[in-house]
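Dumped query_22.pdb below, it's PDB, C-alpha atoms:
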ATOM      1  CA  MET P 511       0.737  14.605  26.079
ATOM      2  CA  PRO P 512       0.670  12.213  23.081
ATOM      3  CA  HIS P 513       3.883  12.155  21.084
ATOM      4  CA  TRP P 514       3.480  12.860  17.392
ATOM      5  CA  SER P 515       6.186  10.369  16.340
ATOM      6  CA  VAL P 516       4.455   6.988  16.695
ATOM      7  CA  TYR P 517       6.226   5.176  13.842
ATOM      8  CA  THR P 518       9.846   4.397  14.701
ATOM      9  CA  GLY P 519      11.036   2.372  11.694
ATOM     10  CA  ARG P 520      12.517  -0.275  14.013
ATOM     11  CA  ASN P 521      10.154  -3.029  12.785
ATOM     12  CA  GLU P 522       9.027  -3.915  16.310
ATOM     13  CA  PRO P 523       5.196  -4.123  16.520
ATOM     14  CA  HIS P 524       3.556  -1.937  19.163
ATOM     15  CA  ASP P 525       0.322  -0.065  19.914
ATOM     16  CA  GLY P 526       1.752   3.425  19.608
ATOM     17  CA  ILE P 527      -0.990   4.350  17.144
ATOM     18  CA  ASP P 528      -3.296   4.631  20.168
ATOM     19  CA  ASP P 529      -1.140   7.551  21.341
ATOM     20  CA  LEU P 530      -1.469   9.454  18.078
ATOM     21  CA  PRO P 531      -2.371  13.100  18.809
ATOM     22  CA  ALA P 532      -5.837  14.325  17.922
ATOM     23  CA  PRO P 533      -6.234  15.353  14.283
ATOM     24  CA  PRO P 534      -6.242  18.966  13.143
ATOM     25  CA  PRO P 535      -9.799  20.312  13.422
ATOM     26  CA  TRP P 536     -10.088  20.411   9.630
ATOM     27  CA  ARG P 537      -9.197  16.691   9.430
ATOM     28  CA  ALA P 538     -11.476  15.301  12.159
ATOM     29  CA  PHE P 539     -13.953  12.607  11.119
ATOM     30  CA  ASP P 540     -16.960  11.179  12.941
ATOM     31  CA  GLY P 541     -18.125   8.154  10.980
ATOM     32  CA  GLY P 542     -19.991   5.373  12.697
ATOM     33  CA  PRO P 543     -21.052   3.067  14.070
ATOM     34  CA  ALA P 544     -17.561   1.720  14.655
ATOM     35  CA  VAL P 545     -16.558  -1.327  12.606
ATOM     36  CA  PRO P 546     -14.683  -4.116  14.441
ATOM     37  CA  PRO P 547     -10.974  -4.230  13.557
ATOM     38  CA  PRO P 548      -9.907  -6.842  11.007
ATOM     39  CA  HIS P 549      -8.031  -9.973  11.942
ATOM     40  CA  ASP P 550      -4.724 -10.715  10.251
ATOM     41  CA  GLY P 551      -6.207 -13.956   8.983
ATOM     42  CA  ASP P 552      -9.051 -12.248   7.120
ATOM     43  CA  ASP P 553      -7.003 -11.861   3.947
ATOM     44  CA  ALA P 554      -4.427 -14.581   3.374
ATOM     45  CA  THR P 555      -2.722 -12.592   0.610
ATOM     46  CA  ALA P 556      -2.213  -9.583   2.886
ATOM     47  CA  VAL P 557      -0.285 -11.650   5.417
ATOM     48  CA  SER P 558       1.435 -14.000   2.974
ATOM     49  CA  PRO P 559       5.061 -14.903   3.821
ATOM     50  CA  ASP P 560       6.544 -12.653   1.138
ATOM     51  CA  ARG P 561       4.674  -9.589   2.396
ATOM     52  CA  VAL P 562       5.487 -10.375   6.011
ATOM     53  CA  HIS P 563       9.158 -10.613   5.053
ATOM     54  CA  ARG P 564       9.020  -7.293   3.194
ATOM     55  CA  ALA P 565       7.535  -5.639   6.268
ATOM     56  CA  LYS P 566      10.017  -7.153   8.719
ATOM     57  CA  SER P 567      13.083  -6.454   6.591
ATOM     58  CA  TYR P 568      12.267  -2.887   5.538
ATOM     59  CA  VAL P 569      15.081  -0.439   6.267
ATOM     60  CA  ALA P 570      13.599   2.987   6.930
ATOM     61  CA  THR P 571      15.500   6.246   6.570
ATOM     62  CA  GLU P 572      15.199   9.175   8.970
ATOM     63  CA  GLU P 573      13.348  11.130   6.304
ATOM     64  CA  SER P 574      10.818   8.363   5.662
ATOM     65  CA  VAL P 575      10.156   7.931   9.406
ATOM     66  CA  ARG P 576       9.622  11.665   9.815
ATOM     67  CA  LEU P 577       7.251  12.003   6.858
ATOM     68  CA  VAL P 578       5.276   8.857   7.696
ATOM     69  CA  ASN P 579       4.588  10.376  11.107
ATOM     70  CA  ALA P 580       3.667  13.683   9.497
ATOM     71  CA  ALA P 581       1.117  11.929   7.266
ATOM     72  CA  LEU P 582      -0.317  10.017  10.229
ATOM     73  CA  CYS P 583      -0.658  13.124  12.388
ATOM     74  CA  LEU P 584      -2.084  15.325   9.646
ATOM     75  CA  ARG P 585      -4.408  12.557   8.410
ATOM     76  CA  ARG P 586      -3.119  13.078   4.892
ATOM     77  CA  PRO P 587      -2.105  10.598   2.170
ATOM     78  CA  LEU P 588       1.608   9.928   1.750
ATOM     79  CA  LEU P 589       2.745  10.247  -1.874
ATOM     80  CA  VAL P 590       5.940   8.203  -2.248
ATOM     81  CA  THR P 591       7.940   8.691  -5.436
ATOM     82  CA  GLY P 592      11.197   7.127  -6.496
ATOM     83  CA  PRO P 593      12.872   4.760  -8.949
ATOM     84  CA  PRO P 594      11.814   1.100  -9.124
ATOM     85  CA  GLY P 595      13.181  -1.079  -6.347
ATOM     86  CA  THR P 596      13.566   1.630  -3.692
ATOM     87  CA  GLY P 597      10.959   0.139  -1.334
ATOM     88  CA  LYS P 598       7.965   2.372  -2.021
ATOM     89  CA  SER P 599       5.367  -0.384  -1.664
ATOM     90  CA  SER P 600       7.198  -2.146   1.161
ATOM     91  CA  LEU P 601       6.940   0.994   3.279
ATOM     92  CA  ALA P 602       3.165   0.534   3.594
ATOM     93  CA  TYR P 603       3.609  -3.029   4.860
ATOM     94  CA  ALA P 604       6.334  -2.000   7.300
ATOM     95  CA  VAL P 605       4.209   0.754   8.847
ATOM     96  CA  ALA P 606       1.115  -1.459   9.033
ATOM     97  CA  ARG P 607       3.068  -4.212  10.769
ATOM     98  CA  GLU P 608       4.814  -1.967  13.284
ATOM     99  CA  LEU P 609       1.652  -0.048  14.218
ATOM    100  CA  ARG P 610      -0.618  -3.118  14.093
ATOM    101  CA  LEU P 611      -2.987  -1.630  11.540
ATOM    102  CA  GLY P 612      -4.118  -5.018  10.244
ATOM    103  CA  PRO P 613      -3.733  -6.451   6.734
ATOM    104  CA  VAL P 614      -2.750  -3.892   4.116
ATOM    105  CA  LEU P 615      -5.483  -3.064   1.619
ATOM    106  CA  ARG P 616      -3.900  -2.940  -1.829
ATOM    107  CA  TRP P 617      -5.209  -1.208  -4.944
ATOM    108  CA  ASN P 618      -3.031  -1.853  -7.994
ATOM    109  CA  ILE P 619      -3.538   0.945 -10.503
ATOM    110  CA  THR P 620      -3.656   0.477 -14.270
ATOM    111  CA  SER P 621      -4.518   2.833 -17.112
ATOM    112  CA  ARG P 622      -8.116   1.582 -16.882
ATOM    113  CA  SER P 623      -8.568   2.074 -13.126
ATOM    114  CA  SER P 624     -11.389   4.359 -12.024
ATOM    115  CA  LEU P 625     -12.483   5.758  -8.681
ATOM    116  CA  ALA P 626     -15.444   3.372  -8.660
ATOM    117  CA  ASP P 627     -13.056   0.386  -8.871
ATOM    118  CA  GLY P 628     -11.420   1.432  -5.628
ATOM    119  CA  LEU P 629     -14.669   2.181  -3.807
ATOM    120  CA  TYR P 630     -16.840  -0.828  -4.619
ATOM    121  CA  GLN P 631     -17.831  -3.350  -7.261
ATOM    122  CA  TYR P 632     -21.468  -4.053  -8.090
ATOM    123  CA  ASP P 633     -22.552  -6.836 -10.435
ATOM    124  CA  PRO P 634     -26.035  -6.036 -11.760
ATOM    125  CA  LEU P 635     -25.959  -8.961 -14.180
ATOM    126  CA  SER P 636     -25.545 -11.501 -11.392
ATOM    127  CA  ARG P 637     -28.465  -9.926  -9.567
ATOM    128  CA  LEU P 638     -30.608 -10.003 -12.697
ATOM    129  CA  TYR P 639     -29.741 -13.653 -13.260
ATOM    130  CA  ALA P 640     -30.462 -14.547  -9.623
ATOM    131  CA  ALA P 641     -33.813 -12.764  -9.754
ATOM    132  CA  ARG P 642     -34.759 -14.506 -12.997
ATOM    133  CA  GLU P 643     -33.879 -17.887 -11.527
ATOM    134  CA  GLY P 644     -35.657 -17.109  -8.268
ATOM    135  CA  GLN P 645     -32.368 -17.265  -6.362
ATOM    136  CA  ASP P 646     -32.044 -13.634  -5.281
ATOM    137  CA  GLY P 647     -31.321 -13.653  -1.555
ATOM    138  CA  PRO P 648     -33.125 -11.630   1.100
ATOM    139  CA  GLY P 649     -30.361  -9.029   1.070
ATOM    140  CA  GLY P 650     -31.162  -7.829  -2.421
ATOM    141  CA  VAL P 651     -28.645  -5.452  -3.975
ATOM    142  CA  GLU P 652     -26.040  -5.847  -1.217
ATOM    143  CA  ASP P 653     -25.686  -9.547  -2.036
ATOM    144  CA  HIS P 654     -24.101  -8.513  -5.335
ATOM    145  CA  LEU P 655     -21.868  -5.732  -4.048
ATOM    146  CA  ARG P 656     -18.421  -5.757  -2.443
ATOM    147  CA  LEU P 657     -16.395  -2.821  -1.179
ATOM    148  CA  GLY P 658     -13.059  -2.185  -2.872
ATOM    149  CA  PRO P 659      -9.775  -1.430  -1.079
ATOM    150  CA  LEU P 660     -10.378   2.333  -0.923
ATOM    151  CA  GLY P 661     -14.002   1.854   0.089
ATOM    152  CA  THR P 662     -12.960  -0.565   2.835
ATOM    153  CA  ALA P 663     -10.211   1.739   4.137
ATOM    154  CA  LEU P 664     -12.812   4.483   4.654
ATOM    155  CA  LEU P 665     -15.082   2.347   6.838
ATOM    156  CA  PRO P 666     -15.477   3.756  10.382
ATOM    157  CA  TYR P 667     -12.688   1.807  12.082
ATOM    158  CA  ASP P 668     -11.457   3.077  15.448
ATOM    159  CA  ARG P 669      -7.873   2.432  14.333
ATOM    160  CA  PRO P 670      -6.737   3.527  10.854
ATOM    161  CA  ARG P 671      -6.389   0.918   8.132
ATOM    162  CA  ALA P 672      -3.373   0.897   5.819
ATOM    163  CA  LEU P 673      -4.151   1.392   2.128
ATOM    164  CA  LEU P 674      -1.559   1.001  -0.629
ATOM    165  CA  VAL P 675      -2.491   2.674  -3.920
ATOM    166  CA  ASP P 676       0.293   1.265  -6.053
ATOM    167  CA  GLU P 677       1.695   3.030  -9.133
ATOM    168  CA  ILE P 678      -0.826   5.833  -9.350
ATOM    169  CA  ASP P 679       1.283   7.411 -12.087
ATOM    170  CA  LYS P 680       0.007   4.669 -14.413
ATOM    171  CA  SER P 681      -3.581   5.852 -14.000
ATOM    172  CA  ASP P 682      -5.808   7.724 -16.379
ATOM    173  CA  LEU P 683      -5.249  11.482 -16.191
ATOM    174  CA  ASP P 684      -8.538  11.991 -14.331
ATOM    175  CA  LEU P 685      -8.031   9.562 -11.439
ATOM    176  CA  PRO P 686      -5.914  11.830  -9.168
ATOM    177  CA  ASN P 687      -8.525  14.572  -9.491
ATOM    178  CA  ASP P 688     -11.329  12.070  -8.909
ATOM    179  CA  LEU P 689      -9.653  11.010  -5.666
ATOM    180  CA  LEU P 690      -9.513  14.562  -4.319
ATOM    181  CA  ASN P 691     -13.014  14.805  -2.892
ATOM    182  CA  VAL P 692     -13.079  11.307  -1.405
ATOM    183  CA  LEU P 693      -9.719  11.708   0.347
ATOM    184  CA  GLU P 694     -10.553  15.235   1.453
ATOM    185  CA  GLU P 695     -13.976  14.395   2.871
ATOM    186  CA  GLY P 696     -13.188  10.867   4.055
ATOM    187  CA  GLN P 697     -16.538   9.635   2.797
ATOM    188  CA  TYR P 698     -18.472   8.421  -0.223
ATOM    189  CA  GLU P 699     -21.894   7.171  -1.289
ATOM    190  CA  ILE P 700     -22.987   3.946  -2.931
ATOM    191  CA  PRO P 701     -25.910   5.007  -5.166
ATOM    192  CA  GLU P 702     -27.314   1.477  -5.426
ATOM    193  CA  LEU P 703     -27.602   1.280  -1.633
ATOM    194  CA  VAL P 704     -28.928   4.832  -1.333
ATOM    195  CA  ARG P 705     -31.810   3.885  -3.639
ATOM    196  CA  ALA P 706     -32.401   0.581  -1.849
ATOM    197  CA  ALA P 707     -32.479   2.358   1.537
ATOM    198  CA  ARG P 708     -35.656   4.185   0.536
ATOM    199  CA  HIS P 709     -37.526   0.895   0.559
ATOM    200  CA  SER P 710     -36.044  -0.713   3.671
ATOM    201  CA  GLY P 711     -36.740  -0.267   7.357
ATOM    202  CA  ASP P 712     -33.665   1.341   8.899
ATOM    203  CA  GLY P 713     -31.738   1.595   5.624
ATOM    204  CA  THR P 714     -28.903  -0.640   6.833
ATOM    205  CA  ALA P 715     -27.241  -2.990   4.353
ATOM    206  CA  GLU P 716     -24.765  -5.757   5.156
ATOM    207  CA  VAL P 717     -21.998  -5.745   2.537
ATOM    208  CA  LEU P 718     -18.704  -7.559   2.149
ATOM    209  CA  ALA P 719     -15.505  -5.577   2.587
ATOM    210  CA  ASP P 720     -12.295  -6.071   0.637
ATOM    211  CA  GLY P 721     -10.246  -9.044   1.794
ATOM    212  CA  THR P 722     -12.847 -10.601   4.082
ATOM    213  CA  ASP P 723     -16.082 -12.566   3.982
ATOM    214  CA  THR P 724     -17.349 -10.896   7.144
ATOM    215  CA  PRO P 725     -20.122  -8.403   6.298
ATOM    216  CA  VAL P 726     -20.081  -4.844   7.581
ATOM    217  CA  ALA P 727     -23.027  -2.512   8.072
ATOM    218  CA  VAL P 728     -23.522   0.441   5.728
ATOM    219  CA  ARG P 729     -26.304   2.831   6.657
ATOM    220  CA  ARG P 730     -28.359   4.446   3.925
ATOM    221  CA  GLY P 731     -25.634   3.847   1.379
ATOM    222  CA  ARG P 732     -23.177   6.279   2.970
ATOM    223  CA  VAL P 733     -19.707   5.486   4.309
ATOM    224  CA  ARG P 734     -17.670   7.925   6.396
ATOM    225  CA  CYS P 735     -14.398   7.143   8.105
ATOM    226  CA  ARG P 736     -13.806   7.450  11.825
ATOM    227  CA  ALA P 737     -10.013   7.205  11.787
ATOM    228  CA  PHE P 738      -8.555   8.447   8.511
ATOM    229  CA  PRO P 739      -6.602   5.583   6.916
ATOM    230  CA  PHE P 740      -2.858   5.553   6.416
ATOM    231  CA  VAL P 741      -2.808   5.949   2.631
ATOM    232  CA  VAL P 742       0.391   5.328   0.672
ATOM    233  CA  LEU P 743       0.296   6.356  -2.990
ATOM    234  CA  THR P 744       3.344   5.190  -4.925
ATOM    235  CA  SER P 745       4.713   6.641  -8.143
ATOM    236  CA  ASN P 746       7.758   5.915 -10.272
ATOM    237  CA  GLY P 747       7.795   9.568 -11.269
ATOM    238  CA  GLU P 748       6.587   8.914 -14.806
ATOM    239  CA  ARG P 749       4.149  11.848 -14.784
ATOM    240  CA  GLU P 750       3.277  15.083 -13.040
ATOM    241  CA  PHE P 751       0.261  15.419 -10.759
ATOM    242  CA  PRO P 752      -2.055  18.443 -10.534
ATOM    243  CA  PRO P 753      -1.222  20.997  -7.807
ATOM    244  CA  ALA P 754      -4.607  20.482  -6.133
ATOM    245  CA  PHE P 755      -3.724  16.818  -5.662
ATOM    246  CA  LEU P 756      -0.156  17.454  -4.501
ATOM    247  CA  ARG P 757      -1.118  19.982  -1.842
ATOM    248  CA  ARG P 758      -3.340  17.402  -0.179
ATOM    249  CA  CYS P 759      -0.485  14.902   0.160
ATOM    250  CA  VAL P 760       2.609  14.613   2.307
ATOM    251  CA  ARG P 761       5.366  13.951  -0.232
ATOM    252  CA  LEU P 762       8.283  11.580   0.249
ATOM    253  CA  LYS P 763      10.940  11.041  -2.399
ATOM    254  CA  LEU P 764      12.967   7.849  -2.060
ATOM    255  CA  ARG P 765      16.406   7.711  -3.622
ATOM    256  CA  HIS P 766      18.729   4.882  -4.499
ATOM    257  CA  PRO P 767      20.387   3.667  -1.284
ATOM    258  CA  GLY P 768      24.063   4.321  -0.637
ATOM    259  CA  ARG P 769      26.589   1.773   0.590
ATOM    260  CA  ASP P 770      25.633   1.896   4.272
ATOM    261  CA  GLN P 771      21.922   1.542   3.600
ATOM    262  CA  LEU P 772      22.534  -1.202   1.034
ATOM    263  CA  THR P 773      24.565  -3.107   3.613
ATOM    264  CA  HIS P 774      21.703  -2.828   6.110
ATOM    265  CA  ILE P 775      19.201  -3.921   3.464
ATOM    266  CA  VAL P 776      21.279  -6.974   2.539
ATOM    267  CA  ARG P 777      21.632  -8.008   6.174
ATOM    268  CA  ALA P 778      17.916  -7.486   6.793
ATOM    269  CA  HIS P 779      16.944  -9.732   3.870
ATOM    270  CA  LEU P 780      19.753 -12.295   4.092
ATOM    271  CA  ASP P 781      20.638 -13.169   7.676
ATOM    272  CA  THR P 782      24.037 -14.504   6.632
ATOM    273  CA  PRO P 783      24.977 -12.972   3.272
ATOM    274  CA  ASN P 784      27.720 -14.808   1.428
ATOM    275  CA  GLY P 785      31.330 -13.707   1.577
ATOM    276  CA  ASP P 786      31.039 -11.888  -1.730
ATOM    277  CA  ALA P 787      28.509  -9.410  -0.314
ATOM    278  CA  ASP P 788      30.887  -6.457   0.037
ATOM    279  CA  ARG P 789      32.357  -7.021  -3.406
ATOM    280  CA  LEU P 790      28.948  -7.381  -5.058
ATOM    281  CA  ILE P 791      27.677  -4.259  -3.298
ATOM    282  CA  SER P 792      30.686  -2.340  -4.618
ATOM    283  CA  ARG P 793      30.106  -3.678  -8.109
ATOM    284  CA  PHE P 794      26.404  -2.860  -7.902
ATOM    285  CA  LEU P 795      27.166   0.742  -6.925
ATOM    286  CA  GLU P 796      29.698   1.072  -9.749
ATOM    287  CA  ARG P 797      27.183  -0.168 -12.286
ATOM    288  CA  ALA P 798      24.368   1.949 -10.817
ATOM    289  CA  ALA P 799      26.414   5.055 -11.586
ATOM    290  CA  GLY P 800      26.081   4.260 -15.290
ATOM    291  CA  GLY P 801      22.449   3.180 -15.553
ATOM    292  CA  GLU P 802      19.233   2.248 -13.783
ATOM    293  CA  LEU P 803      19.406  -0.692 -11.365
ATOM    294  CA  ALA P 804      17.061  -1.871  -8.595
ATOM    295  CA  THR P 805      18.044  -3.118  -5.154
ATOM    296  CA  ASP P 806      16.247  -6.428  -5.628
ATOM    297  CA  GLN P 807      18.648  -7.216  -8.479
ATOM    298  CA  LEU P 808      21.495  -7.091  -5.976
ATOM    299  CA  LEU P 809      19.555  -9.274  -3.533
ATOM    300  CA  ASN P 810      18.822 -11.815  -6.270
ATOM    301  CA  ALA P 811      22.491 -11.926  -7.241
ATOM    302  CA  LEU P 812      23.640 -12.346  -3.644
ATOM    303  CA  TYR P 813      21.112 -15.053  -2.898
ATOM    304  CA  LEU P 814      21.682 -17.132  -6.007
ATOM    305  CA  THR P 815      25.471 -16.882  -6.072
ATOM    306  CA  GLY P 816      25.458 -17.958  -2.436
ATOM    307  CA  VAL P 817      23.461 -21.147  -3.008
ATOM    308  CA  ALA P 818      24.576 -22.169  -6.486
ATOM    309  CA  GLY P 819      27.867 -23.746  -5.411
ATOM    310  CA  LEU P 820      29.754 -22.129  -8.286
ATOM    311  CA  ASP P 821      33.396 -21.176  -8.559
ATOM    312  CA  ALA P 822      34.379 -17.504  -8.329
ATOM    313  CA  GLU P 823      34.422 -16.868 -12.080
ATOM    314  CA  SER P 824      31.035 -18.515 -12.613
ATOM    315  CA  ARG P 825      29.554 -16.554  -9.701
ATOM    316  CA  ASP P 826      30.754 -13.318 -11.281
ATOM    317  CA  ASP P 827      29.223 -14.242 -14.628
ATOM    318  CA  LEU P 828      25.916 -15.156 -12.993
ATOM    319  CA  ALA P 829      25.820 -11.966 -10.928
ATOM    320  CA  GLU P 830      26.504  -9.938 -14.075
ATOM    321  CA  GLN P 831      23.565 -11.564 -15.840
ATOM    322  CA  LEU P 832      21.276 -10.887 -12.878
ATOM    323  CA  MET P 833      22.096  -7.169 -12.785
ATOM    324  CA  PRO P 834      21.379  -5.805 -16.274
ATOM    325  CA  TYR P 835      20.376  -2.181 -16.632
ATOM    326  CA  LEU P 836      16.639  -1.544 -16.496
ATOM    327  CA  SER P 837      16.851   1.051 -19.256
ATOM    328  CA  ALA P 838      18.169   0.704 -22.779
ATOM    329  CA  ALA P 839      21.681   1.722 -21.700
ATOM    330  CA  ALA P 840      24.527  -0.438 -22.979
ATOM    331  CA  ASP P 841      25.469  -3.209 -20.593
ATOM    332  CA  GLY P 842      28.770  -4.428 -21.907
ATOM    333  CA  ASP P 843      30.952  -4.172 -18.822
ATOM    334  CA  GLY P 844      32.268  -7.354 -17.293
ATOM    335  CA  PHE P 845      33.221  -8.107 -13.729
TER
END
Starting from the file, give its structure as structure tokens.
Amino acid sequence: MPHWSVYTGRNEPHDGIDDLPAPPPWRAFDGGPAVPPPHDGDDATAVSPDRVHRAKSYVATEESVRLVNAALCLRRPLLVTGPPGTGKSSLAYAVARELRLGPVLRWNITSRSSLADGLYQYDPLSRLYAAREGQDGPGGVEDHLRLGPLGTALLPYDRPRALLVDEIDKSDLDLPNDLLNVLEEGQYEIPELVRAARHSGDGTAEVLADGTDTPVAVRRGRVRCRAFPFVVLTSNGEREFPPAFLRRCVRLKLRHPGRDQLTHIVRAHLDTPNGDADRLISRFLERAAGGELATDQLLNALYLTGVAGLDAESRDDLAEQLMPYLSAAADGDGF
């Protein structure tokens, strides 16, 4: 019998996703035909050294491992909230790497983001210009259309893709509600392709997906997933979300790490942390009790004080300057 816990948090890649139990009957999808899995080289930014490092060095908690597996088994999005610097975004890369889900599709949310931005982008002006100049290709509308990260994640892959919807709390008030139907149904339509399909033979269009120049087939302008993607929605907790949205998500709240977890994080990022590591961790925790700090501030301080070749007093001064409070709280304490 397949085991429901396929993600271990040990950062060792494996094919355990193939042993994922069947979805609940209300979360089963049948999109097709199947799209070939992506290659890690399709999107250079998705496998860039910094993102690979974030995935390899991520330190998962028991709670995060448990809720990641719950989201995978239930085929539900994972809503990850927590203060800045607690590893919300890195979690998506860590899971994708361990379960070999391919390059992470990333959708960075702003106050101007709309559902259409995540699904696909169509440039009618470029098509009009190409037609006027007699340069419109045989593909027609699909030559001027590219799927977005959400639209690509919902393609009928046999193995789920990983989608990071970063900082959804910065979105317009309507975006969470707009996402409800797409994430619930696992499908969407591209009106431009639906109209074009009426005038083509089999109604199949070859369009470019996010992060690759390899076209994928879309039939009659409709996309439906086959394996529901692993969707991570991150939030700094700056706003409330509607109940209808929350009930469709598995919710994980990340907290500031304690001493033991900080020690593991430091060792994961810096193979040989400098001799001041324990003292700087203690100082970081003392300061964090009085204001908002992020873990990467500690890592920056440890890295730079270890390579700068400074004396002890200068290292302390530099570390102090690298760990100011993120809020407007007074920062007058010295080392």
Go through stretch 713-817 of chain P and flag each residue having an atom no more than 12 Å from stretch 610-628 of chain P; for those, report the closest pair of atoms plus their distance in Å to one decimal, using all atoms listed in the file, ordered by chain and rising number, as a Markdown table.
| residue | atom | partner | partner_atom | distance |
| --- | --- | --- | --- | --- |
| P:Ala719 | CA | P:Leu615 | CA | 10.4 |
| P:Asp720 | CA | P:Leu615 | CA | 7.5 |
| P:Gly721 | CA | P:Leu615 | CA | 7.6 |
| P:Thr722 | CA | P:Pro613 | CA | 10.4 |
| P:Ala737 | CA | P:Leu611 | CA | 11.3 |
| P:Phe738 | CA | P:Leu611 | CA | 11.9 |
| P:Pro739 | CA | P:Leu611 | CA | 9.3 |
| P:Phe740 | CA | P:Leu611 | CA | 8.8 |
| P:Val741 | CA | P:Leu615 | CA | 9.5 |
| P:Val742 | CA | P:Arg616 | CA | 9.6 |
| P:Leu743 | CA | P:Trp617 | CA | 9.6 |
| P:Thr744 | CA | P:Ile619 | CA | 9.8 |
| P:Ser745 | CA | P:Ile619 | CA | 10.3 |
Worksheet item: Near P:Leu808, counting only C-alpha atoms, which residues have an atom at most 10 Å away, once you skip same-chain residues fewer than 4 positions from it, shown as a ChimeraX atom specification?
Response: /P:772,776,787,790-791,793-795,803-804,812-813,829-830,832-833
Generate a file of the selected residues that holds C-alpha atoms, formatted as an mmCIF file, in the coordinates of the input.
data_model
loop_
_atom_site.group_PDB
_atom_site.id
_atom_site.type_symbol
_atom_site.label_atom_id
_atom_site.label_comp_id
_atom_site.auth_asym_id
_atom_site.auth_seq_id
_atom_site.Cartn_x
_atom_site.Cartn_y
_atom_site.Cartn_z
ATOM 1 C CA LEU P 772 22.534 -1.202 1.034
ATOM 2 C CA VAL P 776 21.279 -6.974 2.539
ATOM 3 C CA ALA P 787 28.509 -9.410 -0.314
ATOM 4 C CA LEU P 790 28.948 -7.381 -5.058
ATOM 5 C CA ILE P 791 27.677 -4.259 -3.298
ATOM 6 C CA ARG P 793 30.106 -3.678 -8.109
ATOM 7 C CA PHE P 794 26.404 -2.860 -7.902
ATOM 8 C CA LEU P 795 27.166 0.742 -6.925
ATOM 9 C CA LEU P 803 19.406 -0.692 -11.365
ATOM 10 C CA ALA P 804 17.061 -1.871 -8.595
ATOM 11 C CA LEU P 812 23.640 -12.346 -3.644
ATOM 12 C CA TYR P 813 21.112 -15.053 -2.898
ATOM 13 C CA ALA P 829 25.820 -11.966 -10.928
ATOM 14 C CA GLU P 830 26.504 -9.938 -14.075
ATOM 15 C CA LEU P 832 21.276 -10.887 -12.878
ATOM 16 C CA MET P 833 22.096 -7.169 -12.785
#
Item to complete: Write out as number ranges by chain each polymer residue whose atoms come within 7 Å of P:Leu609, counting all atoms listed in the file; drop sequence neighbours fewer than 6 positions from it.
Response: P: 517, 523-527
Item to complete: Return as a PyMOL selection string the set of residues that the PyMOL selection byres ((chain P and resi 785) around 12) yields on the displayed structure.
Response: chain P and resi 780+782-784+786-791+812-813+815-817+822+825
Item to complete: Return as a ChimeraX atom specification the set of residues that the PyMOL selection byres ((chain P and resi 598) around 10) yields on the displayed structure.
Response: /P:589-597,599-603,674,676-677,742-746,762-764
Worksheet entry | Residues in the PyMOL selection byres ((chain P and resi 759) around 7), expressed as a list of chain:residue names | P:Arg586, P:Pro587, P:Leu588, P:Leu589, P:Phe755, P:Leu756, P:Arg757, P:Arg758, P:Val760, P:Arg761
Discussion item. Which residue is closest to P:Glu716? Choose from P:Arg537, P:Gly650, P:Pro752, P:Leu530 and count all atoms listed in the file.
Written reply: P:Gly650
Discussion item. Just checking: using all atoms listed in the file, which residue out of P:Glu694, P:Glu652, P:Ala581, P:Glu699 ends up closest to P:Pro725?
Written reply: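 Closest to P:Pro725, using all atoms listed in the file: P:Glu652.
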Worksheet entry | Close residues, P:Ala754 itself excluded, 12 Å, all atoms listed in the file, min 4 positions apart in chain, as a ChimeraX atom specification | /P:686-691,694,750,758-759
Worksheet entry | Pick from P:Val651, P:Val516, P:Leu836, P:Leu828 nearest to P:Ala811, counting all atoms listed in the file |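 Comparing P:Val651, P:Val516, P:Leu836, P:Leu828 against P:Ala811, the winner is P:Leu828.
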Discussion item. Need the shell around P:Ala707: protein/DNA/RNA residues with any atom at most 12 Å away, counting only C-alpha atoms. Skip same-chain ones fewer than 2 positions apart. Format as a list in words?
Written reply: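 That gives Gly649, Gly650, Val651, Glu652, Glu699, Ile700, Pro701, Glu702, Leu703, Val704, Arg705, His709, Ser710, Gly711, Asp712, Gly713, Thr714, Ala715, Glu716, Val728, Arg729, Arg730, Gly731 and Arg732 of chain P.
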Discussion item. Please determine, counting all atoms listed in the file, which residue among P:Thr724, P:Thr571, P:Ser824, P:Gln697 has the shortest atom-to-atom distance to P:His774.
Written reply: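 Among P:Thr724, P:Thr571, P:Ser824, P:Gln697, it is P:Thr571 that comes nearest to P:His774.
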Worksheet item: If you measure from atom CA of P:Ala672 to atom CA of P:Val717, what distance in Å do you get, rounded to one decimal?
Response: 20.0 Å
Worksheet item: Closest to P:Asp668 among P:Ala538, P:Leu809, P:Ala727, P:Cys735, using all atoms listed in the file?
Response: P:Cys735
Item to complete: One decimal, Å: what's the distance from atom CA of P:Pro753 over to atom CA of P:Val692, could you say?
Response: 16.6 Å
Worksheet item: Which residue, P:Ser681, P:Ser574, P:Thr805, P:Ser567, has the smallest gap to P:Thr518 when you use only C-alpha atoms?
Response: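 The closest residue to P:Thr518 is P:Ser574.
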Worksheet item: Any idea what the distance is between atom CA of P:Asp540 and atom CA of P:Pro666?
Response: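 Between these atoms lies a distance of 8.0 Å.
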